[in-house]
Amino acid sequence: MHLLIFVQNSAMYKWIFLLLLLPFTVAAQSKKKKAKMQAFAEQKANADLMYRLTQHVQYLASDSLEGRRTGTKGEQMAMQYIAQQYTAMGIEPKGSNGYIQEFEINEGKSITDKTQLKVNGKNLVLNTDYYPLAFSKNAAVNGSPAMALREKGQPWFIDVKEELEANKTNPHFDVEEFIKKQADEVTRKGATALFLYNSSSITDNILFNKNDKSAVADIPVIYITKDAVKNYFKDRSATLEIALNIQIESNIRKGRNVVAFINNNAVNTVVLGAHYDHLGYGEDKNALDALHEVHNGADDNASGTAALLELAAMLKKDAPKNNNYLFINFSGEELGLFGSKYWLENPTIKITPNYMINMDMVGRYDTAHKLTIGGYGTSPVWGDIFNTLSNKNLLIKFDSAGSGPSDHASFYRAGVPVLFFFTGSHADYHKASDDWDKINYNGQKDIVKFIYQIIQTVDTKGKLSFAKTTEPQMGKVRFSVSLGVIPDYGYTGTGVRIEGVSAGKLAEKIGLKGGDILLQLGEYKFVDVNSYMQTLGKFKKGDATKLRIKRGDEEKEFDIVF
């Protein structure tokens, strides 16, 4: 009996124990199930994000958009696609006309490939043997002149040697004004064209100034180089058979920024940007493969555009509330940051910018092409932020510089802290081979999520303080000397307007500042960035010379030693 009771009691205790254990077992199973469901939901969300990124890049980098060159139908198709995405998200338009902010890009004058010069049946090479001046008339002229003779109904030749020698010590002598007066005078006397050459050793500074806005001459005005004079015009008394055709055109096109806004009624606004323009068929001579084919620009910068669109969608769904969010898809970046500069000079909404994040080429992440985050030094807050963030999926390297070859540089120069996300250059950069199927969409997805994490973390930090950084040395061309200036590539006047100076470099030491216009180094004048670069190549370290600039309405001269 006692044994029976013990067994019965043992069975009872077992059942009681099982009943007591059951809630814990059910809770554990429920927890596992919930974890599995969360993992599944995360996998699905990641897959969905990668799918949308792929769809964006595939469309933007498709042949039908013809490379999204600024001012083309392809750029407008991309613009419409981006605006439609913001509309579907329900994000407020903040351009000057709906989502769109249109702006003009004046690239100045250019000599077309229809321009030709034949001398005695031989074709001379444009820019090597000759070039028209920017105020030359467009016309076709045929004649049989001799250089030593000046006959009505024929082209005339003028050697500028005598005038240069007479004005060698005259700082106010303007060779361009002299040429314009000569053109007017010879036109009145019956010349059909004016050819200029220089038989002296004095630098003449006769240049094609693409930004020339003066009145067009009544006849073509052409400069013949020293080599061409030796090769084709040796005998000044010989009759020449001249066949000339001059065609100069003005290049003005329109770019379009796409601007959208999430308004949290906050004091400060975070600016998120990416450029969507690319190279078209390479017409602007900025491609690296010289192929007249569609340059689709999948990485540069359909990848950044797609990332911006998906960040906008994430922030629309769940945005931290201590900042507003302004999304700007820039055009004209490939031509010199035109879109970002224009927006800063003509903002479509009045904001207090907190910081700016720019995404340009974020599609080629791998162990060889790590994620570079630029602008690390533009605010002391960035160091604290990245020390607190953990990210297991991305290999990251940091660059402190706030400047650089993309649109964040415009905001940095306006005193705004910036971050620049970039997965590095590659063999397809600025080539027709930069296609959508070479993008690492999984890496792109991780970058988008990481930027969203940064935005969340910074939200409680208030207004970020700004810090200047050292300027990177950009570009493939290297000179033995440098002034240490940052040119304004969008300037449409004569000379080189500078946006700023590099810390510790020559320009800073002599007191140059943003807005100054560089005009002349030593005896060499320059009319634009290209002629300025050519002038730098004429100097070496240790050379002493004079630099002439214009500041406001005043011209200044500095003694410098490279």
# chains A, B, ... in the order shown; residues from 1 in each chain; ligands from 1
>>> residues_around(residues="region 394-397 of chain A", least_positions_apart="6", cutoff="10 Å", atoms="only C-alpha atoms", output="number ranges by chain")
A: 365-374, 423, 443, 446-447, 450
>>> write_last_selection(atoms="N, CA, C and O atoms", output="PDB file, in the first residue's frame")
ATOM      1  N   TYR A 365      31.477  47.474 -54.729  1.00  0.00           N
ATOM      2  CA  TYR A 365      32.083  47.036 -53.477  1.00  0.00           C
ATOM      3  C   TYR A 365      32.550  45.579 -53.568  1.00  0.00           C
ATOM      4  O   TYR A 365      31.821  44.695 -54.023  1.00  0.00           O
ATOM      5  N   ASP A 366      33.792  45.348 -53.137  1.00  0.00           N
ATOM      6  CA  ASP A 366      34.312  43.998 -52.901  1.00  0.00           C
ATOM      7  C   ASP A 366      35.567  44.159 -52.041  1.00  0.00           C
ATOM      8  O   ASP A 366      35.882  45.261 -51.589  1.00  0.00           O
ATOM      9  N   THR A 367      36.270  43.074 -51.791  1.00  0.00           N
ATOM     10  CA  THR A 367      37.441  43.171 -50.914  1.00  0.00           C
ATOM     11  C   THR A 367      38.549  44.025 -51.525  1.00  0.00           C
ATOM     12  O   THR A 367      39.371  44.593 -50.807  1.00  0.00           O
ATOM     13  N   ALA A 368      38.568  44.110 -52.855  1.00  0.00           N
ATOM     14  CA  ALA A 368      39.557  44.963 -53.522  1.00  0.00           C
ATOM     15  C   ALA A 368      39.088  46.410 -53.567  1.00  0.00           C
ATOM     16  O   ALA A 368      39.891  47.339 -53.489  1.00  0.00           O
ATOM     17  N   HIS A 369      37.782  46.602 -53.733  1.00  0.00           N
ATOM     18  CA  HIS A 369      37.201  47.948 -53.787  1.00  0.00           C
ATOM     19  C   HIS A 369      36.403  48.174 -52.505  1.00  0.00           C
ATOM     20  O   HIS A 369      35.179  48.053 -52.490  1.00  0.00           O
ATOM     21  N   LYS A 370      37.111  48.472 -51.443  1.00  0.00           N
ATOM     22  CA  LYS A 370      36.454  48.714 -50.157  1.00  0.00           C
ATOM     23  C   LYS A 370      35.603  49.981 -50.245  1.00  0.00           C
ATOM     24  O   LYS A 370      35.735  50.789 -51.162  1.00  0.00           O
ATOM     25  N   LEU A 371      34.748  50.143 -49.272  1.00  0.00           N
ATOM     26  CA  LEU A 371      33.970  51.376 -49.182  1.00  0.00           C
ATOM     27  C   LEU A 371      34.842  52.470 -48.591  1.00  0.00           C
ATOM     28  O   LEU A 371      35.364  52.338 -47.484  1.00  0.00           O
ATOM     29  N   THR A 372      35.036  53.544 -49.344  1.00  0.00           N
ATOM     30  CA  THR A 372      35.732  54.719 -48.831  1.00  0.00           C
ATOM     31  C   THR A 372      34.701  55.742 -48.381  1.00  0.00           C
ATOM     32  O   THR A 372      33.755  56.045 -49.115  1.00  0.00           O
ATOM     33  N   ILE A 373      34.869  56.247 -47.185  1.00  0.00           N
ATOM     34  CA  ILE A 373      33.998  57.312 -46.673  1.00  0.00           C
ATOM     35  C   ILE A 373      34.846  58.572 -46.544  1.00  0.00           C
ATOM     36  O   ILE A 373      35.732  58.669 -45.687  1.00  0.00           O
ATOM     37  N   GLY A 374      34.613  59.519 -47.437  1.00  0.00           N
ATOM     38  CA  GLY A 374      35.315  60.789 -47.416  1.00  0.00           C
ATOM     39  C   GLY A 374      34.600  61.795 -46.537  1.00  0.00           C
ATOM     40  O   GLY A 374      33.439  61.613 -46.153  1.00  0.00           O
ATOM     41  N   THR A 423      32.954  53.491 -53.711  1.00  0.00           N
ATOM     42  CA  THR A 423      33.578  52.164 -53.653  1.00  0.00           C
ATOM     43  C   THR A 423      34.781  52.041 -54.581  1.00  0.00           C
ATOM     44  O   THR A 423      35.248  50.942 -54.862  1.00  0.00           O
ATOM     45  N   GLY A 443      26.417  44.337 -51.985  1.00  0.00           N
ATOM     46  CA  GLY A 443      27.231  45.357 -51.341  1.00  0.00           C
ATOM     47  C   GLY A 443      26.551  46.708 -51.326  1.00  0.00           C
ATOM     48  O   GLY A 443      26.605  47.435 -50.334  1.00  0.00           O
ATOM     49  N   ASP A 446      24.060  46.818 -48.551  1.00  0.00           N
ATOM     50  CA  ASP A 446      24.679  47.023 -47.237  1.00  0.00           C
ATOM     51  C   ASP A 446      25.078  48.480 -47.032  1.00  0.00           C
ATOM     52  O   ASP A 446      24.987  49.010 -45.918  1.00  0.00           O
ATOM     53  N   ILE A 447      25.511  49.143 -48.092  1.00  0.00           N
ATOM     54  CA  ILE A 447      25.896  50.556 -47.999  1.00  0.00           C
ATOM     55  C   ILE A 447      24.681  51.422 -47.696  1.00  0.00           C
ATOM     56  O   ILE A 447      24.725  52.320 -46.850  1.00  0.00           O
ATOM     57  N   PHE A 450      23.728  50.980 -44.137  1.00  0.00           N
ATOM     58  CA  PHE A 450      24.716  51.605 -43.257  1.00  0.00           C
ATOM     59  C   PHE A 450      24.509  53.119 -43.199  1.00  0.00           C
ATOM     60  O   PHE A 450      24.599  53.728 -42.122  1.00  0.00           O
TER      61      PHE A 450
END
>>> residues_around(residues="Ile158 (chain A)", least_positions_apart="6", cutoff="10 Å", atoms="only C-alpha atoms", output="PyMOL selection string")
chain A and resi 147-148+150+179+182+186+194-198+223
>>> closest_residue(among="A:Gln247, A:Thr388, A:Thr352, A:Ser340", to="Val267 (chain A)", atoms="only C-alpha atoms")
A:Thr352
>>> closest_residue(among="A:Leu536, A:Ile560, A:Leu288, A:Val270", to="Ile510 (chain A)", atoms="only C-alpha atoms")
A:Ile560
>>> residues_around(residues="region 274-281 of chain A", least_positions_apart="4", cutoff="6 Å", atoms="only C-alpha atoms", output="list in words")
Glu66, Gly67, Arg68, Arg69, Thr70, His292, Glu293, Val294, His295, Gly297, Asn301, Gly304, Thr305, Asn329, Phe330, Ser331, Asn358 and Met359 of chain A
>>> write_last_selection(atoms="C-alpha atoms", output="tab-separated table (two decimals), in the first residue's frame")
chain	number	residue	atom	x	y	z
A	66	GLU	CA	21.80	57.03	-74.20
A	67	GLY	CA	24.18	57.73	-71.35
A	68	ARG	CA	22.15	60.48	-69.59
A	69	ARG	CA	24.34	63.29	-70.93
A	70	THR	CA	23.32	66.64	-69.44
A	292	HIS	CA	31.41	56.80	-79.87
A	293	GLU	CA	29.13	54.38	-78.07
A	294	VAL	CA	26.56	54.69	-75.30
A	295	HIS	CA	28.32	55.17	-71.96
A	297	GLY	CA	27.31	54.81	-66.34
A	301	ASN	CA	26.27	57.16	-61.11
A	304	GLY	CA	24.36	56.36	-56.29
A	305	THR	CA	21.02	57.48	-57.73
A	329	ASN	CA	19.54	64.38	-57.65
A	330	PHE	CA	22.11	66.56	-59.39
A	331	SER	CA	22.76	66.96	-63.10
A	358	ASN	CA	26.83	62.28	-51.20
A	359	MET	CA	26.79	58.89	-52.96
>>> closest_residue(among="A:Phe421, A:Val259, A:Gln85, A:Val119", to="Gln55 (chain A)", atoms="only C-alpha atoms")
A:Gln85
>>> select_by_dssp(residues="region 145-340 of chain A", states="strand (DSSP E)", output="ChimeraX atom specification")
/A:156-159,194-197,221-224,242-246,248-262,269-275,324-330
>>> write_last_selection(atoms="C-alpha atoms", output="PDB file, in the first residue's frame")
ATOM      1  CA  TRP A 156      45.322  89.862 -95.708  1.00  0.00           C
ATOM      2  CA  PHE A 157      48.274  88.857 -93.506  1.00  0.00           C
ATOM      3  CA  ILE A 158      49.644  90.857 -90.547  1.00  0.00           C
ATOM      4  CA  ASP A 159      52.817  90.110 -88.590  1.00  0.00           C
ATOM      5  CA  LEU A 194      42.675  88.440 -91.616  1.00  0.00           C
ATOM      6  CA  PHE A 195      45.551  86.046 -90.928  1.00  0.00           C
ATOM      7  CA  LEU A 196      47.843  86.880 -88.003  1.00  0.00           C
ATOM      8  CA  TYR A 197      51.300  85.512 -87.237  1.00  0.00           C
ATOM      9  CA  VAL A 221      40.228  86.269 -88.077  1.00  0.00           C
ATOM     10  CA  ILE A 222      42.770  83.438 -87.909  1.00  0.00           C
ATOM     11  CA  TYR A 223      46.037  82.933 -86.030  1.00  0.00           C
ATOM     12  CA  ILE A 224      48.829  80.928 -87.715  1.00  0.00           C
ATOM     13  CA  ILE A 242      43.636  79.634 -99.787  1.00  0.00           C
ATOM     14  CA  ALA A 243      40.418  77.724 -99.034  1.00  0.00           C
ATOM     15  CA  LEU A 244      39.021  78.647 -95.633  1.00  0.00           C
ATOM     16  CA  ASN A 245      35.863  77.720 -93.744  1.00  0.00           C
ATOM     17  CA  ILE A 246      35.330  78.959 -90.186  1.00  0.00           C
ATOM     18  CA  ILE A 248      32.304  78.610 -84.369  1.00  0.00           C
ATOM     19  CA  GLU A 249      29.271  77.834 -82.248  1.00  0.00           C
ATOM     20  CA  SER A 250      28.006  78.758 -78.803  1.00  0.00           C
ATOM     21  CA  ASN A 251      27.322  75.832 -76.492  1.00  0.00           C
ATOM     22  CA  ILE A 252      24.447  76.461 -74.127  1.00  0.00           C
ATOM     23  CA  ARG A 253      22.412  73.599 -72.713  1.00  0.00           C
ATOM     24  CA  LYS A 254      20.056  73.007 -69.817  1.00  0.00           C
ATOM     25  CA  GLY A 255      20.532  70.683 -66.896  1.00  0.00           C
ATOM     26  CA  ARG A 256      17.879  69.655 -64.396  1.00  0.00           C
ATOM     27  CA  ASN A 257      18.162  68.884 -60.702  1.00  0.00           C
ATOM     28  CA  VAL A 258      15.433  66.758 -59.085  1.00  0.00           C
ATOM     29  CA  VAL A 259      14.559  67.891 -55.555  1.00  0.00           C
ATOM     30  CA  ALA A 260      12.267  66.282 -52.940  1.00  0.00           C
ATOM     31  CA  PHE A 261      11.672  66.984 -49.242  1.00  0.00           C
ATOM     32  CA  ILE A 262      10.535  65.299 -46.028  1.00  0.00           C
ATOM     33  CA  THR A 269      17.904  69.693 -42.573  1.00  0.00           C
ATOM     34  CA  VAL A 270      20.017  66.782 -43.739  1.00  0.00           C
ATOM     35  CA  VAL A 271      20.879  66.988 -47.455  1.00  0.00           C
ATOM     36  CA  LEU A 272      21.217  63.655 -49.280  1.00  0.00           C
ATOM     37  CA  GLY A 273      22.549  63.792 -52.824  1.00  0.00           C
ATOM     38  CA  ALA A 274      23.730  61.875 -55.870  1.00  0.00           C
ATOM     39  CA  HIS A 275      24.302  62.956 -59.454  1.00  0.00           C
ATOM     40  CA  ASN A 324      14.222  67.382 -42.103  1.00  0.00           C
ATOM     41  CA  TYR A 325      15.485  65.539 -45.197  1.00  0.00           C
ATOM     42  CA  LEU A 326      16.219  67.127 -48.558  1.00  0.00           C
ATOM     43  CA  PHE A 327      16.952  64.806 -51.492  1.00  0.00           C
ATOM     44  CA  ILE A 328      18.754  66.308 -54.490  1.00  0.00           C
ATOM     45  CA  ASN A 329      19.543  64.378 -57.652  1.00  0.00           C
ATOM     46  CA  PHE A 330      22.112  66.563 -59.387  1.00  0.00           C
TER      47      PHE A 330
END
>>> closest_residue(among="A:Glu241, A:Ala266, A:Leu164, A:Asp113", to="Leu126 (chain A)", atoms="only C-alpha atoms")
A:Asp113
>>> closest_residue(among="A:Ala88, A:Ile498, A:Leu483, A:Ile455", to="Tyr355 (chain A)", atoms="only C-alpha atoms")
A:Ile455
>>> closest_residue(among="A:Ser136, A:Ser482, A:Leu547, A:Ala427", to="Gln534 (chain A)", atoms="only C-alpha atoms")
A:Ser482
>>> atom_distance(atom1="CA of Gln116 (chain A)", atom2="CA of Asp174 (chain A)")
27.9 Å
>>> select_by_dssp(residues="region 59-285 of chain A", states="alpha helix (DSSP H)", output="ChimeraX atom specification")
/A:59-60,73-89,161-166,175-188,226-232
